[in-house]
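Novice: Data: start.txt, compact mmCIF, C-alpha atoms and all ligand atoms.
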```txt
# COMPACT_ATOMS: atom_id res chain seq x y z
CA MET K 231 -67.45 -90.64 -64.24
CA ASP K 232 -65.09 -88.52 -62.27
CA LEU K 233 -65.51 -85.06 -60.84
CA PHE K 234 -62.33 -84.08 -62.62
CA ASP K 235 -63.53 -85.18 -66.10
CA LYS K 236 -64.68 -81.69 -66.88
CA PHE K 237 -61.11 -80.43 -66.51
CA LYS K 238 -59.80 -82.53 -69.42
CA PRO K 239 -59.78 -79.63 -71.92
CA LEU K 240 -58.13 -77.43 -69.30
CA ALA K 241 -55.51 -80.08 -68.57
CA ALA K 242 -54.77 -80.47 -72.29
CA ALA K 243 -54.37 -76.71 -72.76
CA TYR K 244 -52.12 -76.56 -69.71
CA ALA K 245 -49.97 -79.44 -70.99
CA ASP K 246 -49.57 -77.60 -74.31
CA LEU K 247 -48.57 -74.45 -72.53
CA THR K 248 -45.98 -76.01 -70.27
CA HIS K 249 -44.60 -78.45 -72.85
CA GLY K 250 -40.88 -77.80 -73.27
CA GLY K 251 -40.88 -74.74 -71.06
CA ARG K 252 -41.66 -73.44 -67.60
CA ASP K 253 -45.09 -73.15 -66.05
CA PRO K 254 -46.11 -69.51 -66.47
CA PHE K 255 -48.79 -69.92 -63.81
CA GLY K 256 -46.55 -71.65 -61.30
CA VAL K 257 -43.47 -69.47 -61.08
CA ALA K 258 -42.00 -69.51 -57.57
CA PHE K 259 -39.48 -66.93 -56.53
CA ASP K 260 -36.94 -68.54 -54.25
CA ARG K 261 -35.81 -65.17 -53.00
CA ILE K 262 -36.92 -61.61 -53.46
CA LEU K 263 -33.92 -59.32 -53.24
CA SER K 264 -35.66 -55.98 -53.71
CA PRO K 265 -38.94 -54.62 -55.15
CA THR K 266 -37.49 -55.12 -58.63
CA VAL K 267 -35.15 -58.13 -58.41
CA GLY K 268 -35.92 -61.75 -57.52
CA MET K 269 -34.19 -65.11 -57.73
CA ILE K 270 -35.58 -68.22 -59.39
CA GLY K 271 -33.15 -70.93 -58.36
CA ASP K 272 -29.78 -69.31 -58.85
CA ARG K 273 -30.97 -67.04 -61.66
CA GLU K 274 -31.53 -63.36 -60.96
CA VAL K 275 -34.53 -61.82 -62.72
CA ILE K 276 -35.86 -58.30 -63.09
CA LEU K 277 -39.37 -58.23 -61.69
CA ALA K 278 -41.49 -56.47 -64.31
CA GLY K 279 -44.78 -58.16 -63.53
CA THR K 280 -45.49 -57.78 -59.82
CA ASN K 281 -47.89 -54.82 -59.29
CA ASN K 282 -45.40 -53.28 -56.86
CA TYR K 283 -46.24 -49.93 -58.44
CA LEU K 284 -44.67 -47.70 -55.80
CA GLY K 285 -41.98 -50.22 -54.87
CA LEU K 286 -42.63 -49.95 -51.12
CA THR K 287 -42.38 -53.63 -50.09
CA PHE K 288 -38.79 -53.31 -48.90
CA GLU K 289 -38.91 -49.85 -47.33
CA PRO K 290 -37.35 -50.06 -43.84
CA GLU K 291 -40.34 -48.26 -42.25
CA VAL K 292 -42.78 -50.72 -43.84
CA ILE K 293 -40.80 -53.78 -42.77
CA ALA K 294 -40.34 -52.42 -39.24
CA ALA K 295 -44.09 -51.74 -38.98
CA ALA K 296 -44.90 -55.30 -40.06
CA GLN K 297 -42.42 -56.70 -37.55
CA GLU K 298 -43.80 -54.59 -34.76
CA GLY K 299 -47.37 -55.57 -35.72
CA ALA K 300 -46.48 -59.26 -35.44
CA ALA K 301 -44.59 -58.73 -32.19
CA ARG K 302 -47.44 -56.78 -30.57
CA TYR K 303 -50.47 -58.68 -31.82
CA GLY K 304 -49.15 -62.08 -32.89
CA THR K 305 -48.89 -63.56 -36.36
CA GLY K 306 -52.57 -64.28 -36.97
CA THR K 307 -55.88 -62.90 -35.72
CA THR K 308 -57.66 -66.28 -35.63
CA GLY K 309 -61.06 -64.78 -36.33
CA SER K 310 -63.30 -62.52 -38.35
CA ARG K 311 -63.80 -58.78 -38.05
CA ILE K 312 -67.17 -59.18 -36.28
CA ALA K 313 -65.99 -61.92 -33.91
CA ASN K 314 -62.53 -61.72 -32.40
CA GLY K 315 -60.54 -60.34 -35.35
CA THR K 316 -60.80 -56.57 -35.07
CA TYR K 317 -57.67 -55.11 -33.51
CA GLY K 318 -56.59 -51.54 -32.95
CA PRO K 319 -54.60 -51.46 -36.22
CA HIS K 320 -57.68 -52.41 -38.31
CA ARG K 321 -59.62 -49.53 -36.78
CA ALA K 322 -56.66 -47.16 -37.18
CA LEU K 323 -56.20 -48.08 -40.83
CA GLU K 324 -59.91 -47.53 -41.48
CA ALA K 325 -59.72 -44.05 -39.97
CA GLU K 326 -56.57 -43.29 -41.97
CA MET K 327 -58.04 -44.52 -45.27
CA ALA K 328 -61.24 -42.49 -44.72
CA ALA K 329 -59.16 -39.38 -43.98
CA HIS K 330 -56.86 -40.05 -46.95
CA PHE K 331 -59.88 -40.15 -49.30
CA GLY K 332 -61.71 -37.37 -47.46
CA MET K 333 -64.67 -39.75 -47.10
CA ALA K 334 -66.92 -40.37 -44.12
CA GLY K 335 -66.39 -44.12 -43.90
CA ALA K 336 -63.84 -46.81 -44.70
CA ILE K 337 -63.98 -50.56 -44.18
CA VAL K 338 -60.94 -52.81 -44.36
CA PHE K 339 -61.19 -56.38 -45.69
CA THR K 340 -58.82 -59.33 -45.76
CA THR K 341 -58.09 -59.11 -49.49
CA GLY K 342 -59.11 -56.94 -52.43
CA TYR K 343 -61.06 -59.90 -53.78
CA GLN K 344 -63.07 -60.00 -50.57
CA ALA K 345 -63.55 -56.22 -50.63
CA ASN K 346 -65.39 -56.69 -53.92
CA LEU K 347 -67.33 -59.73 -52.73
CA ALA K 348 -68.36 -57.83 -49.62
CA ALA K 349 -69.12 -54.48 -51.20
CA VAL K 350 -71.00 -55.74 -54.26
CA ALA K 351 -72.84 -58.66 -52.69
CA GLY K 352 -73.42 -56.66 -49.52
CA LEU K 353 -74.91 -53.67 -51.31
CA ALA K 354 -76.84 -55.43 -54.09
CA GLY K 355 -79.24 -58.32 -53.68
CA PRO K 356 -82.20 -60.01 -55.31
CA GLY K 357 -84.42 -57.37 -56.90
CA ASP K 358 -81.49 -54.99 -57.54
CA GLN K 359 -79.69 -54.52 -60.85
CA VAL K 360 -75.90 -54.41 -61.24
CA PHE K 361 -74.41 -52.93 -64.43
CA ILE K 362 -70.81 -54.00 -64.97
CA ASP K 363 -68.18 -53.11 -67.52
CA ALA K 364 -67.59 -56.23 -69.63
CA ASP K 365 -63.87 -56.23 -68.76
CA CYS K 366 -64.33 -56.07 -64.99
CA HIS K 367 -62.09 -58.25 -62.81
CA ALA K 368 -63.12 -61.80 -61.88
CA SER K 369 -63.76 -60.72 -58.29
CA ILE K 370 -66.48 -58.36 -59.51
CA TYR K 371 -68.08 -61.07 -61.64
CA ASP K 372 -67.96 -63.47 -58.69
CA ALA K 373 -69.40 -60.81 -56.40
CA CYS K 374 -72.28 -60.23 -58.80
CA LYS K 375 -73.13 -63.93 -58.81
CA LEU K 376 -73.01 -64.04 -55.04
CA SER K 377 -75.29 -61.01 -54.77
CA GLY K 378 -78.29 -62.63 -56.46
CA ALA K 379 -78.95 -59.31 -58.24
CA GLU K 380 -79.70 -59.12 -61.95
CA ILE K 381 -76.39 -58.66 -63.80
CA ILE K 382 -76.28 -56.48 -66.92
CA ARG K 383 -72.99 -56.08 -68.81
CA PHE K 384 -72.19 -53.04 -70.92
CA ALA K 385 -69.44 -52.56 -73.51
CA HIS K 386 -66.00 -51.91 -72.06
CA ASN K 387 -65.26 -48.24 -71.28
CA ASP K 388 -68.38 -47.19 -73.18
CA PRO K 389 -70.63 -44.76 -71.25
CA LYS K 390 -73.08 -44.70 -74.19
CA SER K 391 -73.53 -48.46 -73.91
CA LEU K 392 -74.22 -48.05 -70.19
CA ASP K 393 -76.64 -45.21 -70.92
CA ARG K 394 -78.58 -47.41 -73.38
CA ARG K 395 -78.79 -50.30 -70.95
CA LEU K 396 -79.88 -48.11 -68.05
CA GLY K 397 -82.38 -46.43 -70.38
CA ARG K 398 -84.07 -49.76 -71.07
CA THR K 399 -84.81 -50.44 -67.42
CA ASP K 400 -87.72 -49.18 -65.35
CA PRO K 401 -86.31 -46.19 -63.42
CA ASN K 402 -88.39 -46.96 -60.33
CA ALA K 403 -88.31 -50.75 -60.31
CA SER K 404 -84.99 -51.41 -58.62
CA ASN K 405 -81.81 -49.99 -57.13
CA LYS K 406 -79.12 -49.79 -59.78
CA LEU K 407 -75.40 -50.17 -59.07
CA VAL K 408 -72.86 -49.47 -61.82
CA ILE K 409 -69.36 -50.97 -61.44
CA VAL K 410 -66.24 -50.01 -63.36
CA GLU K 411 -62.50 -50.04 -62.71
CA GLY K 412 -60.13 -47.07 -62.83
CA LEU K 413 -57.13 -48.65 -64.60
CA TYR K 414 -57.78 -52.01 -66.25
CA SER K 415 -55.10 -54.49 -65.35
CA MET K 416 -54.78 -56.45 -68.59
CA PHE K 417 -54.52 -53.75 -71.29
CA GLY K 418 -53.60 -50.82 -69.04
CA ASP K 419 -56.45 -48.68 -70.35
CA ILE K 420 -58.25 -46.07 -68.26
CA ALA K 421 -61.97 -45.62 -67.66
CA PRO K 422 -63.69 -42.31 -68.49
CA ILE K 423 -64.98 -41.98 -64.93
CA ALA K 424 -66.38 -38.44 -65.30
CA GLU K 425 -68.55 -39.64 -68.22
CA PHE K 426 -69.74 -42.63 -66.21
CA VAL K 427 -70.65 -40.26 -63.36
CA ALA K 428 -72.80 -38.20 -65.74
CA VAL K 429 -74.61 -41.32 -66.97
CA LYS K 430 -75.22 -42.74 -63.51
CA ASN K 431 -76.57 -39.37 -62.32
CA LYS K 432 -78.92 -39.19 -65.31
CA HIS K 433 -80.40 -42.57 -64.36
CA ASN K 434 -80.29 -42.15 -60.60
CA ALA K 435 -77.92 -45.11 -60.21
CA TYR K 436 -75.02 -45.64 -57.81
CA LEU K 437 -71.43 -45.88 -59.05
CA MET K 438 -68.68 -48.08 -57.60
CA VAL K 439 -65.11 -47.74 -58.92
CA ASP K 440 -62.47 -50.40 -58.30
CA GLU K 441 -59.19 -48.49 -58.09
CA ALA K 442 -57.08 -51.59 -57.32
CA HIS K 443 -54.46 -50.76 -59.98
CA SER K 444 -54.88 -46.99 -59.98
CA PHE K 445 -54.63 -46.21 -56.26
CA GLY K 446 -51.24 -44.64 -55.62
CA THR K 447 -50.52 -43.81 -59.23
CA PHE K 448 -53.36 -41.59 -60.55
CA GLY K 449 -54.67 -38.25 -59.30
CA ALA K 450 -52.90 -35.40 -57.51
CA ARG K 451 -52.98 -37.29 -54.21
CA GLY K 452 -52.76 -40.74 -55.76
CA LEU K 453 -56.37 -41.64 -54.94
CA GLY K 454 -57.04 -43.07 -58.38
CA VAL K 455 -58.65 -42.30 -61.71
CA SER K 456 -61.77 -40.87 -60.02
CA GLU K 457 -59.58 -38.21 -58.42
CA ALA K 458 -57.63 -37.63 -61.65
CA ASP K 459 -60.95 -37.06 -63.45
CA GLY K 460 -62.08 -34.57 -60.78
CA VAL K 461 -65.15 -36.59 -59.74
CA LEU K 462 -64.04 -38.34 -56.56
CA ASP K 463 -66.85 -36.73 -54.55
CA LYS K 464 -69.44 -37.92 -57.09
CA VAL K 465 -68.46 -41.59 -56.95
CA ASP K 466 -70.59 -43.44 -54.39
CA PHE K 467 -68.18 -46.24 -53.48
CA ILE K 468 -64.46 -46.74 -54.11
CA VAL K 469 -62.92 -50.18 -53.57
CA GLY K 470 -59.30 -51.18 -53.79
CA THR K 471 -56.55 -53.41 -52.54
CA PHE K 472 -53.53 -53.17 -50.26
CA SER K 473 -51.68 -55.76 -52.34
CA LYS K 474 -50.30 -53.42 -54.99
CA SER K 475 -49.22 -49.82 -54.24
CA LEU K 476 -49.85 -50.29 -50.52
CA ALA K 477 -47.30 -53.08 -50.13
CA GLY K 478 -49.44 -55.39 -47.97
CA ILE K 479 -52.38 -57.75 -48.26
CA GLY K 480 -55.96 -56.64 -47.77
CA GLY K 481 -58.68 -54.57 -49.35
CA PHE K 482 -60.78 -51.51 -48.64
CA ALA K 483 -64.01 -49.75 -49.48
CA VAL K 484 -64.66 -46.06 -48.79
CA SER K 485 -67.85 -44.05 -49.11
CA ASN K 486 -69.70 -40.98 -47.90
CA HIS K 487 -72.99 -42.84 -47.68
CA PRO K 488 -74.38 -42.18 -44.19
CA GLN K 489 -75.28 -45.84 -43.69
CA PHE K 490 -72.10 -47.28 -45.13
CA ASN K 491 -71.17 -49.00 -41.87
CA LEU K 492 -74.21 -51.27 -42.14
CA LEU K 493 -72.19 -53.23 -44.70
CA ARG K 494 -70.30 -54.71 -41.76
CA LEU K 495 -73.49 -56.48 -40.75
CA ALA K 496 -74.59 -57.46 -44.24
CA ALA K 497 -71.46 -58.52 -46.11
CA ARG K 498 -70.68 -62.20 -45.76
CA ALA K 499 -67.11 -61.75 -47.06
CA TYR K 500 -66.52 -59.40 -44.13
CA MET K 501 -68.26 -61.50 -41.50
CA PHE K 502 -67.19 -65.04 -42.32
CA THR K 503 -63.45 -64.88 -42.91
CA ALA K 504 -60.49 -64.13 -40.67
CA SER K 505 -59.28 -60.54 -40.62
CA SER K 506 -55.90 -59.67 -42.08
CA SER K 507 -52.89 -60.02 -39.82
CA ALA K 508 -51.63 -57.08 -37.77
CA ALA K 509 -48.31 -57.41 -39.63
CA SER K 510 -50.02 -56.77 -42.93
CA VAL K 511 -52.25 -54.01 -41.60
CA GLU K 512 -49.33 -52.21 -39.96
CA ALA K 513 -47.25 -52.55 -43.14
CA THR K 514 -50.11 -50.98 -45.10
CA ARG K 515 -50.42 -48.12 -42.59
CA ALA K 516 -46.69 -47.43 -42.94
CA ALA K 517 -46.92 -47.56 -46.75
CA LEU K 518 -49.85 -45.12 -46.68
CA LYS K 519 -47.75 -42.69 -44.63
CA LEU K 520 -44.91 -42.98 -47.16
CA ILE K 521 -47.31 -42.34 -50.05
CA GLN K 522 -48.45 -39.17 -48.29
CA ALA K 523 -44.88 -38.08 -47.52
CA ARG K 524 -43.35 -38.88 -50.91
CA PRO K 525 -45.49 -37.63 -53.82
CA ALA K 526 -42.39 -38.00 -56.03
CA LEU K 527 -42.94 -41.79 -56.04
CA LYS K 528 -45.83 -41.23 -58.42
CA ASP K 529 -43.64 -39.17 -60.74
CA LYS K 530 -41.05 -41.95 -60.77
CA VAL K 531 -43.48 -44.70 -61.68
CA TRP K 532 -44.86 -42.54 -64.48
CA ALA K 533 -41.39 -41.69 -65.82
CA ASN K 534 -40.60 -45.41 -65.88
CA ALA K 535 -43.95 -46.24 -67.49
CA ARG K 536 -43.34 -43.71 -70.27
CA ARG K 537 -39.79 -44.98 -70.80
CA LEU K 538 -40.96 -48.59 -71.14
CA HIS K 539 -43.93 -47.65 -73.31
CA LYS K 540 -41.74 -45.59 -75.66
CA GLY K 541 -39.03 -48.23 -75.81
CA LEU K 542 -41.46 -50.99 -76.77
CA THR K 543 -43.42 -48.76 -79.17
CA ASP K 544 -40.23 -47.64 -80.94
CA ALA K 545 -39.22 -51.30 -81.24
CA GLY K 546 -42.47 -52.02 -83.09
CA PHE K 547 -44.47 -53.86 -80.40
CA ALA K 548 -48.24 -53.45 -80.53
CA LEU K 549 -49.30 -52.04 -77.17
CA PHE K 550 -52.91 -51.94 -76.08
CA ALA K 551 -53.08 -48.49 -74.49
CA PRO K 552 -51.18 -45.23 -73.94
CA ALA K 553 -48.48 -45.23 -71.24
CA SER K 554 -49.59 -46.19 -67.73
CA PRO K 555 -48.09 -48.34 -64.97
CA VAL K 556 -49.51 -51.35 -66.86
CA VAL K 557 -47.85 -51.79 -70.25
CA ALA K 558 -49.13 -54.77 -72.23
CA ALA K 559 -47.95 -56.04 -75.61
CA ASP K 560 -50.17 -57.96 -78.01
CA MET K 561 -48.51 -61.27 -78.88
CA GLY K 562 -51.00 -62.42 -81.49
CA ASP K 563 -51.55 -66.00 -80.42
CA PRO K 564 -51.18 -68.06 -77.24
CA ALA K 565 -48.35 -70.27 -78.55
CA LYS K 566 -46.17 -67.30 -79.50
CA ALA K 567 -47.01 -65.57 -76.21
CA ALA K 568 -45.87 -68.62 -74.23
CA VAL K 569 -42.63 -69.01 -76.20
CA PHE K 570 -41.92 -65.29 -75.84
CA TRP K 571 -42.64 -65.37 -72.10
CA ASN K 572 -40.28 -68.33 -71.58
CA ALA K 573 -37.51 -66.69 -73.55
CA LEU K 574 -37.86 -63.43 -71.62
CA LEU K 575 -37.50 -65.34 -68.37
CA SER K 576 -34.40 -67.07 -69.72
CA ALA K 577 -33.07 -63.62 -70.52
CA GLY K 578 -33.66 -62.59 -66.89
CA VAL K 579 -36.94 -60.66 -67.22
CA TYR K 580 -40.15 -61.71 -65.48
CA VAL K 581 -43.42 -60.38 -66.94
CA ASN K 582 -46.98 -61.73 -66.84
CA LEU K 583 -48.33 -64.02 -69.52
CA ALA K 584 -52.07 -63.65 -70.06
CA MET K 585 -54.20 -65.50 -72.55
CA PRO K 586 -57.81 -66.52 -73.22
CA PRO K 587 -60.14 -67.16 -71.48
CA GLY K 588 -58.68 -64.83 -68.85
CA THR K 589 -58.23 -61.86 -71.19
CA PRO K 590 -60.52 -59.31 -72.83
CA ASN K 591 -61.27 -59.93 -76.54
CA SER K 592 -59.45 -63.29 -76.29
CA LYS K 593 -56.08 -61.56 -76.64
CA SER K 594 -52.75 -63.21 -75.83
CA LEU K 595 -50.46 -60.73 -74.23
CA LEU K 596 -47.38 -60.06 -72.17
CA ARG K 597 -48.11 -57.64 -69.39
CA CYS K 598 -45.47 -55.53 -67.67
CA SER K 599 -46.21 -53.69 -64.47
CA VAL K 600 -43.88 -50.80 -63.84
CA SER K 601 -42.54 -49.79 -60.43
CA ALA K 602 -41.25 -46.52 -59.04
CA ALA K 603 -38.36 -48.66 -57.79
CA HIS K 604 -37.21 -49.68 -61.28
CA THR K 605 -34.07 -47.91 -62.38
CA PRO K 606 -33.99 -46.50 -65.92
CA GLU K 607 -31.31 -49.13 -66.65
CA GLN K 608 -33.66 -51.92 -65.59
CA ILE K 609 -36.40 -50.54 -67.83
CA ASP K 610 -33.90 -50.40 -70.71
CA ARG K 611 -32.91 -54.02 -70.03
CA VAL K 612 -36.55 -55.07 -70.20
CA VAL K 613 -36.90 -53.32 -73.56
CA ALA K 614 -33.62 -54.78 -74.85
CA SER K 615 -34.73 -58.28 -73.83
CA PHE K 616 -38.07 -57.89 -75.64
CA ILE K 617 -36.16 -56.82 -78.76
CA ALA K 618 -33.62 -59.68 -78.51
CA VAL K 619 -36.32 -62.32 -78.03
CA ASP K 620 -38.39 -60.92 -80.89
CA ARG K 621 -35.38 -61.00 -83.22
CA ALA K 622 -34.47 -64.52 -82.14
CA ILE K 623 -38.01 -65.80 -82.72
CA LYS K 624 -38.06 -64.23 -86.18
CA ALA K 625 -34.61 -65.62 -87.02
CA ASN K 626 -35.37 -69.00 -85.41
CA THR K 627 -32.36 -68.66 -83.10
CA LEU K 628 -34.17 -68.57 -79.78
CA ALA K 629 -31.82 -70.96 -77.99
CA ALA K 630 -29.11 -68.29 -78.20
CA VAL K 631 -31.07 -65.82 -76.00
CA GLY K 632 -30.45 -65.92 -72.26
N1 LIG K 701 -59.79 -55.80 -58.23
C1 LIG K 701 -58.97 -55.76 -59.30
C2 LIG K 701 -59.30 -54.84 -60.43
C3 LIG K 701 -57.82 -56.56 -59.33
O1 LIG K 701 -57.03 -56.52 -60.39
C4 LIG K 701 -57.54 -57.40 -58.23
C5 LIG K 701 -56.32 -58.28 -58.17
N2 LIG K 701 -55.45 -58.26 -59.16
C6 LIG K 701 -58.42 -57.41 -57.17
C7 LIG K 701 -59.53 -56.60 -57.19
C8 LIG K 701 -58.19 -58.34 -56.00
O2 LIG K 701 -57.24 -57.83 -55.14
P1 LIG K 701 -56.42 -58.80 -54.14
O3 LIG K 701 -55.31 -59.37 -54.94
O4 LIG K 701 -56.00 -57.92 -53.05
O5 LIG K 701 -57.37 -59.86 -53.68
```
Spit out the file's structure as structure tokens when you get a sec.
Specialist:
Amino acid sequence: MDLFDKFKPLAAAYADLTHGGRDPFGVAFDRILSPTVGMIGDREVILAGTNNYLGLTFEPEVIAAAQEGAARYGTGTTGSRIANGTYGPHRALEAEMAAHFGMAGAIVFTTGYQANLAAVAGLAGPGDQVFIDADCHASIYDACKLSGAEIIRFAHNDPKSLDRRLGRTDPNASNKLVIVEGLYSMFGDIAPIAEFVAVKNKHNAYLMVDEAHSFGTFGARGLGVSEADGVLDKVDFIVGTFSKSLAGIGGFAVSNHPQFNLLRLAARAYMFTASSSAASVEATRAALKLIQARPALKDKVWANARRLHKGLTDAGFALFAPASPVVAADMGDPAKAAVFWNALLSAGVYVNLAMPPGTPNSKSLLRCSVSAAHTPEQIDRVVASFIAVDRAIKANTLAAVG
């Protein structure tokens, strides 16, 4: 008996996946040259799978802010938000995020994952009920487990399914928290937030929306799908991350609830982990300022998303959703997806490979995330590489690509 025995099937699947190719889950970039170009060894690749939606990671203001944060406060905080890890920049970023959303309160966490652990498991506990969209991110599932609340899944993006499930519960027996995402990261499909608001109001439930992938890219001010749907003020809690459009590392939750700040005393993922570094917090503050100053970034990412979506659609690829900053192509089966992913990398294009059990409906897919920093030529090269690899696989001439 060995603790690792249970990983045998996993190890076998992993060996299959990496046999004769690279490890899709262990890619290391030796250098990052810009938001859209990296180096693996001496090979230059277009980064089309990095969630750098607004392309702000190399902006001089953002880099200078990170450098100044490290110089002023040191490289690490060495403690949690409630002990010794709250610095001026954490407080400043909280005030700026609250103002940006027009909400009364904002709390900053060390990662987006921890924002979900803290918000969900802080707000819901034994005796409460949490209703989650079946396709919610792993951090939301983990948070639900940690909460000790009863977990009830409803069909993905289906307000009627939520309505039925809420309708079966005793309206007075428990607090009810509904959790959905704005933009889903695997298929790139969007939640009907206004419809979810109507359902949660009907049943007197609370609604939390994770805008991790939609912050910065949806809504007039880039606040997410809740803003785009015109219901931002009716959503009880918004959570998100700094690791995508905001060019840093960290997470946030915002709310108008008058007692929102009590979460700081109840959420273990806030209390028992070190706060994010001043470098990261200051980088995020600088990125937030750029988002406010440059609304055209959003137009650029959307123009690129539409260009990529059209290019792949015209070439006959089966995409899961209309154009959005996440463009994902259905590859049919895991073996083909892995071969395709390897060949794209050989051709100088990095995208994300995703396969069961980590995907909705057990799909095997290649996921592109589009950046405002991509040039139209880079987008066209991504499309051309997809087409070349597809042709080579069909003609059995893959070795010639790259
Ligand atoms: N929520 C969603 C929907 C996500 O996709 C992710 C990460 N991809 C997170 C939360 C976690 O964010 P972070 O990477 O900042 O921990």
Novice: Show me which residues sit within 9 Å of ligand LIG 701 (chain K) when counting only C-alpha atoms and all ligand atoms, and put them as number ranges by chain.
Specialist: K: 281, 340-346, 366-370, 410-416, 440-443, 469-474, 478-481
Novice: Would you compute the distance between CA of Ala301 in chain K and CA of Ile262 in chain K? Give it in Å to one decimal.
Specialist: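 Interatomic distance, CA of Ala301 in chain K to CA of Ile262 in chain K: 22.8 Å.
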Novice: Tell me, as a list of chain:residue names, which residues lie within 6 Å of range 523-532 of chain K, counting only C-alpha atoms; anything in the same chain fewer than 3 positions away does not count.
Specialist: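 Answer for this query is K:Thr447, K:Leu520, K:Ala535, K:Ser601, K:Ala602.
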Novice: As AutoDock Vina command-line options, please: the centre and edge lengths in Å, to one decimal, of an axis-aligned box enclosing every listed atom of range 341-347 of chain K with 5 Å added on each side.
Specialist:
```
--center_x -62.7 --center_y -58.1 --center_z -51.7 --size_x 19.2 --size_y 13.8 --size_z 14.4
```
Novice: Using only C-alpha atoms, pick whichever of K:Met333, K:Met585, K:Val619, K:Ala568 has the shortest atom-to-atom distance to His249 in chain K.
Specialist: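 Nearest to His249 in chain K: K:Ala568.
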Novice: Around (-52.8, -61.9, -31.2), as given in the file, which residues come within 10 Å? Count all atoms listed in the file and list them as an MDAnalysis selection string.
Specialist: chainID K and resid 299:308 314:315 317 507:508
Novice: Which residue out of K:Leu407, K:Ala584, K:Ile423, K:Ala334 has the minimum interatomic distance to Asp388 in chain K when only C-alpha atoms are used?
Specialist: K:Ile423
Novice: Counting only C-alpha atoms, figure out which residue out of K:Ala516, K:Val613, K:Ala336, K:Ala618 gets nearest to Ala296 in chain K.
Specialist: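 Closest candidate: K:Ala516.
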Novice: Neighbours of Thr280 in chain K within 9 Å (only C-alpha atoms; same-chain residues fewer than 6 positions away dropped), as a VMD selection string?
Specialist: chain K and resid 265 to 266 474 580 to 582 598 to 601
